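Structure first, then comments.
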Amino acid sequence: MDSRFQKDCMELLVEETGKGRIGRRDFVKAMSALLAVPLVLRSKMAYSAADRLVICNWGGDAIKAYAEAFGKAFTEATGIPVRIDGAGPTEGAIQAQYESGNVTWDVVDADAFTSLTLGRKGMMEPIDYSIVDKAAVREGGAHEYGAASYFFSYVLAYDTEAYGDNPPKSWADFFDAEAFPGKRTMYKWMVGNLEAALIADGVKPEELYPLDVDRAFEKLKAFLPHVVSFWGSGAASQQLLMEGEAQMGLVWNTRAMVMERDTEGRIAFAFDGGLLNASSWAVIKGNPAGPKTAMEFIASAQDPEQQVTLLKLLGNGPANPAAAALVPDELKKYDCTQPDNVAVQHMLDAEWYADNYGATLDKFLTLISS
Amino acid sequence: MEWCLFVAPLPLFLALVYALPLLGVVGWSLTDPEPGFGNYQKIFTDPAILGIFWRTLRLCLIVSLVSLALAYLIAYHWVFGPPLRQRLIEICVLIPFWISVLIRAFGWIIVLRNRGLVNGWLTDLGLISEPLSMVRNEFGVVIGMVHFMAPYAIFPLVATMRQIDPRVMSAARGLGAGPVRRFVEVFFPLSMPGVIGAFFIVFIFSLGFFITPAILGGGRVVMVAEYVFLQMSQTANWGLGAALSVVLLALVTVLIWVLLKITRVEKLVN
């Protein structure tokens, strides 16, 4: 996995700002929440001495321009210059940095299981929970090599015009093309698909892991004719549903929220059966600023208010449980980490993905392209 | 021997920026995750990888044949058609040739998708009641690839056809051969170097296709290039990715060697 979701947040933010829905000031706020730099500014922590801090995220020119401004301010506050690298911390890229012995990123934003996979290969620093507050990370988000920065969910979105009074409510409905005719779209990079297929096939959510891959593949194989396209980017998933190419989709909740708003409810979604996943801050071994500074940075990014700002603008669920109470009422239905919403969703098992992702993805791609 | 001084840096430069990294890739393929030929063994025994290879070869073959047929027709009219037609073909071949592959792929999506232009017209004309699936599958990938590759087939064909001596055709006519016989027995054999060259060029180019299948295939038409990318970037499986690249490179090298053996390349780029 290469943090496609994290990249999508950036794209979404730029799109929304372009449409004028997000003001310049909020754009700066959201970017800062994603990059968490101003938190460092506000917090009163004592920082270890470091020449600079490099945060790798999922770039674009706009980000670099703003990052420069934050970087300058941060330097004034702490004496540590910050550089934002928008190159994209793919699993391959992180491994390349580690193996070349020339690590230039201090903190990266990756999927929980990516940090686990690389951590087990000995390439990541274990998260120092004496600096990072484990209690400020929602259950399922704190791992040995990664601490959640925010949560997101794979949800069922559908076209209300296609289903009228009888909307699909579960993954069973999603996989039932007779009762719910229409084309579907699913995620090309597999995550969430197997769980949805197994739940639809009658597996109890609490008994999902370890995933019965063969059973999931059987279910998917029979269903393939109904899948018009496997989306590879959030924008593609949105396009497919908005333009009526697909009537139902397994999509990210952040994109589902935007679609619901943009279509004034024509595209709807619910968290029922949603598959929760965490995005993690992680630190590459041998990072130039040293592990301590990186850990302090992660700790500073746990500020609940800033996490709520991110939810307001993009729909990313706060990783800090303390943030739930700060969420305005009208936004609660979009927050995948609200207690009511968590109760009806299922957490993805990062451990399973760390062990099995690569090999299973190979087979999955063979299956869907046969 | 003074010229040696000026030419010497070139091989050195090539060795540095090309041969060395290539050796590195070969090295990965033999050492990661453990020393030996495990990655190559996997490529030739794993049904999933073989499947992707076969799909790639099959699609490349289809694309090459379709491109060739289209290109032959277009090249013929470009060379022998009336001036206005020649100009028109020139414009229609060259302009898309310079347009980004990404834009062309999305263009085809708009044209071919279920609620796209073509399905819209066919439905309005009452020819179909259900939309045809023309994109987000292999069919769409072939269309996109042919659109991209056709010019690469047209250019060598045009070059070859221009070199055919018109007097040979006149002689055939003088000896009483009809138009069909003149084409089958005289013109076509004389254009064979162009046909072979065009076929190889399209086939070799097609092997490395990545963006077009990724977009027009609806996520379902994974070809070797995308699979290599996956191993390198998604699952950090470098040894396998490197081995796949080496196999692909070997295949291309063999194809180019065959091409050089059976035809004179400089004639194709006239």
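Following the order of the structure tokens, chains are lettered A, B, ..., residues in each are numbered from 1, and ligands are numbered from 1.
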Could you build a table of the residues in chain A lying no more than 7 Å from chain B, giving for each the nearest pair of atoms and their separation in Å rounded to one decimal place, using only C-alpha atoms, ordered by chain and ascending residue number, as JSON lines?
{"residue": "A:Met1", "atom": "CA", "partner": "B:Gln234", "partner_atom": "CA", "distance": 5.2}
{"residue": "A:Asp2", "atom": "CA", "partner": "B:Gln234", "partner_atom": "CA", "distance": 5.7}
{"residue": "A:Thr90", "atom": "CA", "partner": "B:Ser233", "partner_atom": "CA", "distance": 6.1}
{"residue": "A:Glu91", "atom": "CA", "partner": "B:Ala236", "partner_atom": "CA", "distance": 5.9}
{"residue": "A:Gly92", "atom": "CA", "partner": "B:Ser233", "partner_atom": "CA", "distance": 4.3}
{"residue": "A:Ala93", "atom": "CA", "partner": "B:Ser233", "partner_atom": "CA", "distance": 6.8}
{"residue": "A:Lys188", "atom": "CA", "partner": "B:Gly219", "partner_atom": "CA", "distance": 5.9}
{"residue": "A:Ser229", "atom": "CA", "partner": "B:Gly218", "partner_atom": "CA", "distance": 4.4}
{"residue": "A:Phe230", "atom": "CA", "partner": "B:Gly219", "partner_atom": "CA", "distance": 4.8}
{"residue": "A:Trp231", "atom": "CA", "partner": "B:Gly219", "partner_atom": "CA", "distance": 6.4}
{"residue": "A:Gly232", "atom": "CA", "partner": "B:Gly219", "partner_atom": "CA", "distance": 6.9}
{"residue": "A:Glu245", "atom": "CA", "partner": "B:Asn114", "partner_atom": "CA", "distance": 6.5}
{"residue": "A:Gly358", "atom": "CA", "partner": "B:Thr235", "partner_atom": "CA", "distance": 5.1}
{"residue": "A:Lys363", "atom": "CA", "partner": "B:Ala48", "partner_atom": "CA", "distance": 6.7}
{"residue": "A:Thr366", "atom": "CA", "partner": "B:Ala48", "partner_atom": "CA", "distance": 5.8}
{"residue": "A:Ile368", "atom": "CA", "partner": "B:Arg220", "partner_atom": "CA", "distance": 5.6}
{"residue": "A:Ser369", "atom": "CA", "partner": "B:Arg220", "partner_atom": "CA", "distance": 4.3}
Can you tell me which residues surround Ala324 of chain A at a distance of at most 10 Å, considering only C-alpha atoms, apart from same-chain residues fewer than 4 positions away, and format the answer as a CSV table (one decimal) with all heavy atoms, in the first residue's frame?
chain,number,residue,atom,x,y,z
A,304,PRO,N,-6.4,17.8,19.6
A,304,PRO,CA,-7.7,17.4,19.1
A,304,PRO,C,-8.4,18.5,18.3
A,304,PRO,O,-9.1,18.2,17.3
A,304,PRO,CB,-8.5,17.1,20.4
A,304,PRO,CG,-7.7,17.7,21.5
A,304,PRO,CD,-6.3,17.8,21.1
A,305,GLU,N,-8.2,19.7,18.6
A,305,GLU,CA,-8.9,20.8,17.9
A,305,GLU,C,-8.5,20.8,16.4
A,305,GLU,O,-9.3,21.0,15.5
A,305,GLU,CB,-8.6,22.2,18.5
A,305,GLU,CG,-9.6,22.5,19.6
A,305,GLU,CD,-9.2,23.9,20.2
A,305,GLU,OE1,-8.8,24.8,19.5
A,305,GLU,OE2,-9.3,23.9,21.5
A,307,GLN,N,-7.4,18.4,14.7
A,307,GLN,CA,-7.9,17.2,14.1
A,307,GLN,C,-9.4,17.4,13.7
A,307,GLN,O,-9.8,16.9,12.7
A,307,GLN,CB,-7.8,16.0,15.0
A,307,GLN,CG,-6.3,15.6,15.2
A,307,GLN,CD,-6.1,14.3,16.0
A,307,GLN,OE1,-7.1,13.7,16.4
A,307,GLN,NE2,-4.9,13.9,16.1
A,308,VAL,N,-10.1,18.2,14.5
A,308,VAL,CA,-11.5,18.5,14.2
A,308,VAL,C,-11.6,19.4,13.0
A,308,VAL,O,-12.4,19.3,12.1
A,308,VAL,CB,-12.2,19.1,15.4
A,308,VAL,CG1,-13.6,19.6,15.0
A,308,VAL,CG2,-12.3,18.1,16.5
A,317,GLY,N,-11.5,11.4,10.0
A,317,GLY,CA,-11.9,11.2,11.4
A,317,GLY,C,-10.7,11.5,12.3
A,317,GLY,O,-9.6,11.0,12.1
A,318,PRO,N,-11.0,12.2,13.4
A,318,PRO,CA,-9.9,12.5,14.3
A,318,PRO,C,-9.3,11.2,15.0
A,318,PRO,O,-10.1,10.3,15.3
A,318,PRO,CB,-10.6,13.4,15.4
A,318,PRO,CG,-11.8,13.9,14.8
A,318,PRO,CD,-12.2,12.9,13.7
A,319,ALA,N,-8.0,11.2,15.1
A,319,ALA,CA,-7.4,10.0,15.7
A,319,ALA,C,-7.5,10.1,17.2
A,319,ALA,O,-7.4,9.0,17.9
A,319,ALA,CB,-6.0,9.8,15.3
A,320,ASN,N,-7.6,11.3,17.8
A,320,ASN,CA,-7.6,11.5,19.2
A,320,ASN,C,-9.0,11.3,19.7
A,320,ASN,O,-9.9,12.1,19.3
A,320,ASN,CB,-7.0,12.9,19.5
A,320,ASN,CG,-6.8,13.1,21.0
A,320,ASN,OD1,-7.4,12.4,21.8
A,320,ASN,ND2,-5.9,14.0,21.3
A,328,PRO,N,-18.8,19.5,15.9
A,328,PRO,CA,-20.2,20.1,15.9
A,328,PRO,C,-21.2,19.1,15.5
A,328,PRO,O,-20.9,18.2,14.7
A,328,PRO,CB,-20.0,21.2,14.8
A,328,PRO,CG,-18.6,21.4,14.6
A,328,PRO,CD,-17.9,20.1,15.0
A,332,LYS,N,-21.4,15.4,12.8
A,332,LYS,CA,-21.2,14.1,13.4
A,332,LYS,C,-21.5,13.0,12.5
A,332,LYS,O,-20.9,11.9,12.6
A,332,LYS,CB,-22.0,14.0,14.7
A,332,LYS,CG,-21.4,14.8,15.8
A,332,LYS,CD,-22.1,14.6,17.2
A,332,LYS,CE,-21.3,15.3,18.3
A,332,LYS,NZ,-22.1,15.7,19.4
A,335,ASP,N,-18.4,12.0,10.6
A,335,ASP,CA,-17.2,11.6,11.3
A,335,ASP,C,-17.2,10.1,11.6
A,335,ASP,O,-18.0,9.6,12.4
A,335,ASP,CB,-17.2,12.4,12.7
A,335,ASP,CG,-16.1,12.0,13.6
A,335,ASP,OD1,-15.2,11.2,13.1
A,335,ASP,OD2,-16.1,12.4,14.7
A,336,CYS,N,-16.3,9.4,10.9
A,336,CYS,CA,-16.2,8.0,11.1
A,336,CYS,C,-15.8,7.5,12.5
A,336,CYS,O,-16.0,6.3,12.8
A,336,CYS,CB,-15.3,7.4,10.0
A,336,CYS,SG,-13.6,7.9,10.1
A,337,THR,N,-15.3,8.4,13.3
A,337,THR,CA,-14.9,8.0,14.6
A,337,THR,C,-15.9,8.4,15.7
A,337,THR,O,-15.6,8.1,16.9
A,337,THR,CB,-13.5,8.7,15.0
A,337,THR,OG1,-13.7,10.1,15.0
A,337,THR,CG2,-12.5,8.3,14.0
A,338,GLN,N,-17.1,9.0,15.4
A,338,GLN,CA,-18.1,9.2,16.4
A,338,GLN,C,-18.5,7.8,17.0
A,338,GLN,O,-18.7,6.9,16.2
A,338,GLN,CB,-19.3,9.9,15.8
A,338,GLN,CG,-19.1,11.4,15.5
A,338,GLN,CD,-18.9,12.2,16.8
A,338,GLN,OE1,-19.7,12.0,17.7
A,338,GLN,NE2,-17.9,13.0,16.8
A,339,PRO,N,-18.8,7.8,18.3
A,339,PRO,CA,-19.1,6.5,18.9
A,339,PRO,C,-20.2,5.7,18.2
A,339,PRO,O,-20.1,4.5,17.9
A,339,PRO,CB,-19.5,6.9,20.3
A,339,PRO,CG,-18.8,8.1,20.6
A,339,PRO,CD,-18.6,8.9,19.3
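Coordinates place atom CA of Ala147 of chain A at a distance of 6.9 Å from atom CA of Ala282 of chain A.
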Original post:
Please, what distance in Å, to one decimal, runs between atom CA of Tyr150 of chain A and atom CA of Lys204 of chain A?
Top reply: 26.3 Å
Original post:
In segment 38-231 of chain B, what's alpha helix (DSSP H) per DSSP? Answer as an NGL selection string?
Top reply: :B and (38-45 or 47-80 or 83-97 or 101-112 or 117-124 or 138-163 or 166-174 or 179-181 or 188-207 or 211-216 or 224-229)
